[in-house]
Every structure is written in structure tokens, then in C-alpha cells.
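One structure is given here, and the rest of the page talks about it.
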Amino acid sequence: MMYYSRIKLFSVISVCLIGLMLCVPNFVRKPVASIPWPQIHLGLDLRGGSYLLMQVDLSSLTHDRLQSLADSVRQSLLTAGLGYRNIALDTKQGTFSFQPRDPSEKDRDFRTVNDMPRAVADEFTVTTRPDGAILLTLSPDAMKTRARDAVTQAIEIVRRRIDATGAVDPEITRQGEDRIIVELPGISDPQHIKALLGTTARMTFRLVDETPAGSAVAPPGDTLLPLTESPGQTLAVRDHIDVDGADLVNAGATTDDQSGGWAVSFTLNSVGTRAFAGVTQANVGRRFAIVLDNKVIEAPVIRSAITGGNGIITGNFDARKATDLGLLLRAGALPVPLTVIEERSIGPSLGADSIRAGALSLMVGFLLVIVFMALFYGRFGWYANIALFANVTLMLAILSLFGATLTLPGMAGMLLTLGMAVDANILIVERIREELGRGRTALAAMQAGFERATGTILDSNATAFLAHVMLFVFGTGPVRGFALTITIGIATTLFTTLLLSRLLMVRWYALTRPSSLPV
Amino acid sequence: MFGRPLLRFVRSETHINFMRGRFLGLITSAVLSIASLILFFHPGLTLGLDFKGGIVVEARTAGPADFGKIRSALAAHHIEAAGVQSFGGDNDVLIRLGADENTNTNAVIDQVRQAITEAQPGATVLRADAVGASVSAELLRNGLLALGLSLVMILAYIWFRFEWEFALSAVVTLVLDLTKTIGFLVLTHFEFDLVMVAAILTILGYSTNDKVVVYDRVRENLRRYRTMPLRELIDLSINETLNRTLGTSTTVFLAALPLAIFGGASLSGFAWVMLFGIVVGTSSSIFIAAPLLLLLGEKRLRKDTKPVAG
């Protein structure tokens, strides 16, 4: 207990020095671009910015899949010369059912449906219900995989869209199964980005059904879609998708030579170009609707076959809308709709205020603790203060090393760690004093003090550690920053008090061999 | 200052008979905790945005804020029942809106932003928070879960390291501390949000730490003084650790104090609750946790001595 081997001495001091070195990047500008320069990141509450929590609407995914399966079933039954009645989708259960036209066709219906291609093995099962209906049930596992993929893809699209706006250092992370967190440092008014992320941007090109002009009910195979231009009006558009927006390779804002207004130009890939050429060739003179998120942007008449794979959309845009649509089309459509369910934005001035408040509190608190320790614990108190300084240094070093995020509550956590850290020193010194009172010699008292206090220090820190791990697991945002700094603080406290301040006391004793201790 | 300490809280030979006042301590604590529970149900905690859901927007206007104008601009955007108040200086406006399941907080917050700019050109939004009803319910559940699990883990740890009498009296004391802190929150109208959960957890951690130190000494003394009656032994242990108890609570108190004074709106509530918790946690180690241990352990921890007379 009273002897530090050279190697131990050397390691303790080097850890402190390395800690000091790791703190430097936080206060000094990076001198050369090529060296690593680990820094603590400031949380959004300190530097200003926005935090958006978005909910992924997975039920739409099930609905879409059921819808497309229903379409395929209709198609397969028609091809096989079979009929159907009462098609019903149940998105909640993930099922889809229909009645055979005639009970005698039941077995053939069943086989036709069961033989349909599945996206993945075991994607769905087909059964017959007691009432004779045929029931198709999506497997939960297949849907889960589909959901996971959809969220991954959505994150990628969100990233592309945000990158295209020029936002600096955006952080996009998945939370749980169906949430996405977007953090935008420096953007305190996220309205524009919210609007971009709130748009699915699924574009399709479909033929307009000219036959039922003015009818209020869509003919089979058609859907009545609202027009973006003239609210309240609808247009009957074929359900069949001739060209899919997924086949776009490029899009951007441009000006329309004819009208002089803003437009969005697009370029299709080879698949899209072929499809586009085919449709336009066969349907000259008919109207071709450009549909974005189930709204018709425009439905121009096809004048001649378009074979180059290029085109422009003129939807009465202004510069902003044209740029945004170009951006959305380039980035691709979201596989699932997203809604913002939590938003927290902090302006830069408030962030700066918080940094000042946090730093001031830290300095004053540090000073108060140092003065207290000096007055109440004398020489050993000063050793505790040196350890306290090392503690702050190591905490900053670990936070920088992991590129952790420092929040305002995190700064509070640091301060409380400082207040708690000296507890270990107090325990040791008080113990030494007691042992002296029991008549032990200086050396024996110090030895007993270290020995007895260590167990107590470990026990009392363990419980605090448990409480803050819980907070880290269940907390979100800035509160996690608080739990993180306290948890790191407990580790550095154990190091600085059990090793460093003890080392100082032991070295002092070894060098001076005092007959009495300053307690 | 660099040699011997200049100050001490109590002299080393101090022997205060804390256990004499044990029933007074327990009764006072029980009364305060019951009062706090009543306060918890009526009028109840002021739930913060995290747990209630809704919208809070803080803005700084270029000139002195005109509340009438802001209210009518909000009304023009069909935003009713908005609480518009000042905070800090004359230029600072705080707008609060509740939210239920059907409110699209995401859209409303953008309208609030627009309304402010319309009513007070040149105004800057300092902070804008919108929390949907589903998220707030989840945050509340997670916050309470963190609190509950922490208590269970503290119980398990102390049980594992000491005996069940220690664990049980520690957790009962912690629950009493917790209720008083809630009573303090109700009385002071500090908003109960995630940061407050963090404050309460820190208090629990600190308070446990304090109890562990006293218990540790009780355990040691149980081995050292084989025949000393438990009552005397607990008193001795508290007195022996008194300088440490007061010293550590002072340093933590001193560390939290600047946060309460300089921490600004977002941290001062947190810090005041911490300060309250430090006082409660320290006194409960002496006046609650130790008497409880005496009550629970009188028969078991010291079988061979005669029971302690009241």
C-alpha cells in the first residue's frame, strides 16, 4: 500500500500526461491537416441546431404490398379464366381475402394464388376459410425484413436529400425499429428540410383514361387523382404505371423555353428511356399524366414519340419549387412516408449563452471545491485538488478520444463529478485521522487509511454508476450526455483518487518521513 | 493552509446520541413524505414539454415585445389557446401550446414561427420545441422506468454487498427521499421533465453513496465490537463518519450551487432540485436510514445482546 513500483509510478504519470495531451486539440487550432485531431463535439443545445425525430409509417408498407399482391392475384385469376368476388384487404392483420366466383372453382383458385411468385421464400401463406373464402396471409418475418430494408433505404434517401441542401455535418441515425433521428447542427429553422423530408416524391408517368370524361366514379383499372394546379378537380388516370420515377438518373431546375417559366428537366436510364419511347410512340395524341405522390402535376398531350430519354415537366413552378422537385427526384423516392413527431431547435445565440453559463458554473464550482479542500484538509486537500485537476483533464480527454458530444446537462454532470470526486479523498484522510486517534504510527495510519477506505469508495461509486447507466439506457438527447459524463467521471474519479492522489501522499511521505501527519 | 487543516466540522471525540431522536426523525420524515404524496395528487407535478407534449417557442423580438400583436397573429393562423408570456427581459417572449393525439405539432410549430415573424419583424427564434403526444408518453414511460430500475438495482447491489436489512432500509429511505423531492417540485413549480429525472437519479445515486458509507462503518463495527448493543454501535458509526458525511455533502453542494445561480433557465431548476436533494439525502442517512436499520436489525444483527430499550 505504501510502496509504488517504478512501473506503476511511471504508468500513472503517463496516463495523466496522455490525458493532458488529448485535451490540447480542444483548445488549439489544428496545425496540419494530416494528423488526427480528436475533439469534443458540442451538442445541439450548445452550438445551436435542430433535432428531428421521424416516425416511419410502416403500415403503409404492408398496405402497398397487399395492394400489389391483390393486383397480381386479379391478373393471375383472369389469365386462368377464373373469377372473384369481395376482395378485402386487412392492413392490420396483413391479410387479403376473396370469395371464389363459384364454389367449384375453389381448388383451382387456391392453386393459382398459391403458385404466385413470392418476393422471398415464405413471404405469404394461402389458406381457405370455413366460409369458402381464400385467405392470403403475409408472414410477419417477411414483413419485418421488408420493414428493416425500407427504413435503411429511407435513411439513405434522407441523407441524400439533406446533403443536397448543403447542410453541414448532418447526423442521421436509426432509432429502434421505425424511427429516424436527424440532427442538423447550425440549422435553427428546419422548416425547409422538414418539407423536403415530409414529401415521399414518388413520381410515375401514366396514361390518362379519356373515355369517361366528367364521371364521378373511376372506371375499373383507373383512379381519380386530384390536380395540383386546380384544386378540387380530378382526372381519371390509369393504374398501370408506364414509366416509374425510379428509372430517373438525373433531374434539375431549368427554364422552359416556350413559356419562360421554371421547369424541371429529367433524364431517364436505359430501361426508362425504352419504356418512355414505347408509350409515346403508341399513344401520340393522347394525354400522358405526370403523377407525384398521387397528385397530377400535369398531363400534356403527346405530340410525337420521345426517344431520347429526356424531358421537362412544366407545372407552373417558381424557382424554389422547381429546385426542390429536382432535388427530390434526384435523391429518389422514400419507400415509406415519414412524419416528424419531435422537433427541437435551438438558435445560435441561446447556444452561446448556454456555453457561457456552463463554463462560468464549472469554473466557480471548481474554485469553491478547491478552496474548501484546502481549508478543511490542508496538505492532503491540495493533493486532492491536484487529482481533481487531473480528473477534469482525463474526463475531457476521454470525451475527445471518443468524439463524444458535450451537452449543457453534460457540463452539469462534469461539475457534479468534481463535487463527488473529492469524496474518496475525504474518506481516506478521515480514516487516517481516525487511525492516528487509535494510536497508530503515521505510516501504519496511512496504510490502514488507504486499505479501509478503498472498499467503501468502490461500493459507494458502484451504486452511483448503476443509477447513471440506467439513465443512459432510457434517456434521450441531452440527458444521455449527462449520464455519459457522470459515468466517465466515475471511472476517472476512481483512477485519480485511488492511484494519483494516493501516489502524491505516499511520495510525500517517502521523501519527508514526517513524524506526524497534517490531518 | 498547505499543512494542517484550518477548519473542521466536528471534533474527533464528538459523540452525539442520534438514535435518541430516531422516532422524531422517522415521524417527521413520514409526515413530510405523506404531505408530498398529497401534493403529488393535488395539485400535482407541473409536467414539462418532454412528458406533456406540445409546443414551446422562445423568441427575442427586436424591440419591446407586443403581446397583443403576437396573440392576434397566432389567432390569424388559427392557433387558439396559446399561452403567450414574457420571460427574462422585455424582448423575450415565450409561447406555449398544448397538444393532444390529433395535433400535428410538426405543422403547428412552423405556423407559430411564421406568426412571430409577422407580428414582430426582426424577431429571432431562440428555441422551438415540439413534442408529439405519442413521443411524450414514451419519454415519460422511459423516465419512470429508469427511476424504477435504478431503485431495484441499488436494492440488489446493497443486498449483495451487505445484508437484506441494510438493503431494505436503504431503499425505504430512498423512496422517502424521492417523495420529498417530488413534493419540492410541486411546491416550486419547477417543470418535471427529462432533466429533472436526471436530477432525481443523481440525488438517488448520491444519497445511496452516503448511506453506503455509514453502513460500511456499521458493518465494520459489528465485527470490531462484538458485544456492543446495536443502538450504541449505530450511533458510534454515524459519529465516526460525521466529518466525512458533512465534508462530502458540502463539496457536492458547493459544486451544484453555481449551476443554480449561473446555470440559466435550463439548468437552474435542475440545480435547485439537486441542492434540495443533497440536504435531504445527507440528513436521511443519519435520521432515517440508520434508525430503520436499528428497527430492522435489532433482533437479527445482534442476537446475543439484550434488546435496546426505547
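Identifiers in this document derive from the order of the C-alpha cells: chains are assigned A, B, ..., residues are numbered from 1 separately in each chain, and ligands are numbered from 1 in order of occurrence.
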Need to verify the contact set: Phe253 (chain B), 10 Å, only C-alpha atoms, exclusion of same-chain residues closer than 6 positions in sequence. Can you return it as an NGL selection string? (:A and (365 or 368-369 or 416 or 419-420)) or (:B and (247 or 271 or 274-279))
At most 7 Å to chain B: residues in chain A, only C-alpha atoms, as a count of residues only: 48
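Interatomic distance, CA of Lys92 (chain A) to CA of Pro130 (chain A): 21.1 Å.
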Region 163-169 of chain B surroundings by only C-alpha atoms, 6 Å radius, close-in-sequence under 4 positions cut, as a list in words: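 What passes the distance filter is Leu155, Ile158, Trp159, Ala289, Leu292, Leu293 and Leu296 of chain B.
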Generate the output file for the selected residues, N, CA, C and O atoms, as a CSV table (one decimal), in the first residue's frame.
```
chain,number,residue,atom,x,y,z
B,155,LEU,N,-31.1,-1.7,-4.7
B,155,LEU,CA,-31.5,-2.7,-3.7
B,155,LEU,C,-30.7,-3.9,-3.9
B,155,LEU,O,-30.2,-4.5,-2.9
B,158,ILE,N,-26.9,-3.5,-2.8
B,158,ILE,CA,-26.7,-3.4,-1.4
B,158,ILE,C,-27.0,-4.7,-0.7
B,158,ILE,O,-26.3,-5.2,0.2
B,159,TRP,N,-28.0,-5.4,-1.2
B,159,TRP,CA,-28.3,-6.7,-0.7
B,159,TRP,C,-27.2,-7.7,-0.9
B,159,TRP,O,-26.8,-8.4,0.0
B,289,ALA,N,-32.2,6.4,7.5
B,289,ALA,CA,-31.6,5.1,7.2
B,289,ALA,C,-31.0,4.4,8.4
B,289,ALA,O,-31.2,3.1,8.6
B,292,LEU,N,-33.9,3.1,10.8
B,292,LEU,CA,-34.6,2.0,10.1
B,292,LEU,C,-33.7,0.7,10.3
B,292,LEU,O,-34.3,-0.4,10.5
B,293,LEU,N,-32.4,0.9,10.1
B,293,LEU,CA,-31.5,-0.3,10.2
B,293,LEU,C,-31.6,-0.8,11.7
B,293,LEU,O,-31.6,-2.0,11.9
B,296,LEU,N,-35.0,-2.7,12.0
B,296,LEU,CA,-35.0,-4.0,11.3
B,296,LEU,C,-34.0,-5.0,11.8
B,296,LEU,O,-34.2,-6.2,11.8
```
Å distance separating CA of Gly297 (chain B) from CA of Met19 (chain B), one decimal place: 13.8 Å
Interatomic distance (Å, one decimal) between CA of Ile355 (chain A) and CA of Gly122 (chain B): 24.4 Å
Among region 14-133 of chain B, which residues does DSSP mark as alpha helix (DSSP H) when it is run on the backbone? Keep the chain and numbering as in the structure and answer as a PyMOL selection string. chain B and resi 22-41+49-52+67-76+105-119+133
Mind checking DSSP for region 68-266 of chain B and telling me the strand (DSSP E) residues as a tab-separated table (two decimals) with N, CA, C and O atoms, in the first residue's frame?
```tsv
chain	number	residue	atom	x	y	z
B	83	GLY	N	-50.54	30.10	-24.75
B	83	GLY	CA	-50.07	30.90	-23.63
B	83	GLY	C	-48.93	31.77	-24.11
B	83	GLY	O	-47.91	31.26	-24.54
B	84	VAL	N	-49.13	33.08	-24.10
B	84	VAL	CA	-48.05	33.98	-24.52
B	84	VAL	C	-47.61	34.75	-23.28
B	84	VAL	O	-48.43	35.40	-22.64
B	85	GLN	N	-46.35	34.64	-22.91
B	85	GLN	CA	-45.90	35.34	-21.71
B	85	GLN	C	-44.48	35.83	-21.91
B	85	GLN	O	-43.81	35.45	-22.86
B	86	SER	N	-44.04	36.70	-21.02
B	86	SER	CA	-42.67	37.17	-21.14
B	86	SER	C	-41.79	36.34	-20.22
B	86	SER	O	-42.25	35.72	-19.28
B	92	ASP	N	-38.14	39.29	-24.59
B	92	ASP	CA	-38.24	37.84	-24.68
B	92	ASP	C	-39.68	37.37	-24.51
B	92	ASP	O	-40.36	37.76	-23.58
B	93	VAL	N	-40.10	36.55	-25.46
B	93	VAL	CA	-41.47	36.05	-25.46
B	93	VAL	C	-41.44	34.53	-25.39
B	93	VAL	O	-40.60	33.90	-26.03
B	94	LEU	N	-42.37	33.98	-24.61
B	94	LEU	CA	-42.47	32.54	-24.52
B	94	LEU	C	-43.89	32.15	-24.95
B	94	LEU	O	-44.86	32.67	-24.42
B	95	ILE	N	-43.97	31.26	-25.92
B	95	ILE	CA	-45.29	30.81	-26.39
B	95	ILE	C	-45.41	29.33	-26.11
B	95	ILE	O	-44.54	28.54	-26.45
B	96	ARG	N	-46.51	28.97	-25.48
B	96	ARG	CA	-46.74	27.57	-25.11
B	96	ARG	C	-48.05	27.08	-25.69
B	96	ARG	O	-49.05	27.79	-25.65
B	97	LEU	N	-48.05	25.87	-26.18
B	97	LEU	CA	-49.26	25.27	-26.72
B	97	LEU	C	-49.35	23.83	-26.26
B	97	LEU	O	-48.34	23.13	-26.28
B	124	THR	N	-36.04	36.92	-33.54
B	124	THR	CA	-35.32	35.66	-33.77
B	124	THR	C	-35.86	34.61	-32.82
B	124	THR	O	-36.18	34.91	-31.67
B	125	VAL	N	-35.98	33.39	-33.34
B	125	VAL	CA	-36.46	32.29	-32.52
B	125	VAL	C	-35.26	31.70	-31.79
B	125	VAL	O	-34.30	31.25	-32.40
B	126	LEU	N	-35.29	31.77	-30.44
B	126	LEU	CA	-34.16	31.25	-29.66
B	126	LEU	C	-34.24	29.75	-29.54
B	126	LEU	O	-33.26	29.05	-29.55
B	127	ARG	N	-35.48	29.28	-29.38
B	127	ARG	CA	-35.67	27.85	-29.14
B	127	ARG	C	-37.07	27.49	-29.60
B	127	ARG	O	-38.01	28.25	-29.37
B	128	ALA	N	-37.20	26.39	-30.28
B	128	ALA	CA	-38.52	25.93	-30.70
B	128	ALA	C	-38.57	24.43	-30.49
B	128	ALA	O	-37.79	23.70	-31.08
B	129	ASP	N	-39.45	23.98	-29.61
B	129	ASP	CA	-39.56	22.55	-29.34
B	129	ASP	C	-40.98	22.09	-29.60
B	129	ASP	O	-41.93	22.74	-29.19
B	130	ALA	N	-41.11	20.98	-30.28
B	130	ALA	CA	-42.42	20.38	-30.49
B	130	ALA	C	-42.31	18.91	-30.18
B	130	ALA	O	-41.45	18.22	-30.72
B	131	VAL	N	-43.14	18.44	-29.26
B	131	VAL	CA	-43.11	17.02	-28.92
B	131	VAL	C	-44.51	16.47	-29.11
B	131	VAL	O	-45.48	16.96	-28.52
```
Using only C-alpha atoms, which residues sit within 7 Å of region 322-324 of chain A once same-chain residues fewer than 2 positions away are excluded, as a list in words?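 Final neighbour list, sorted by chain and number: Gly252, Ala253, Trp262, Ala263, Val264, Phe317, Asp318, Ala319, Arg320, Gly326, Leu327 and Leu328 of chain A.
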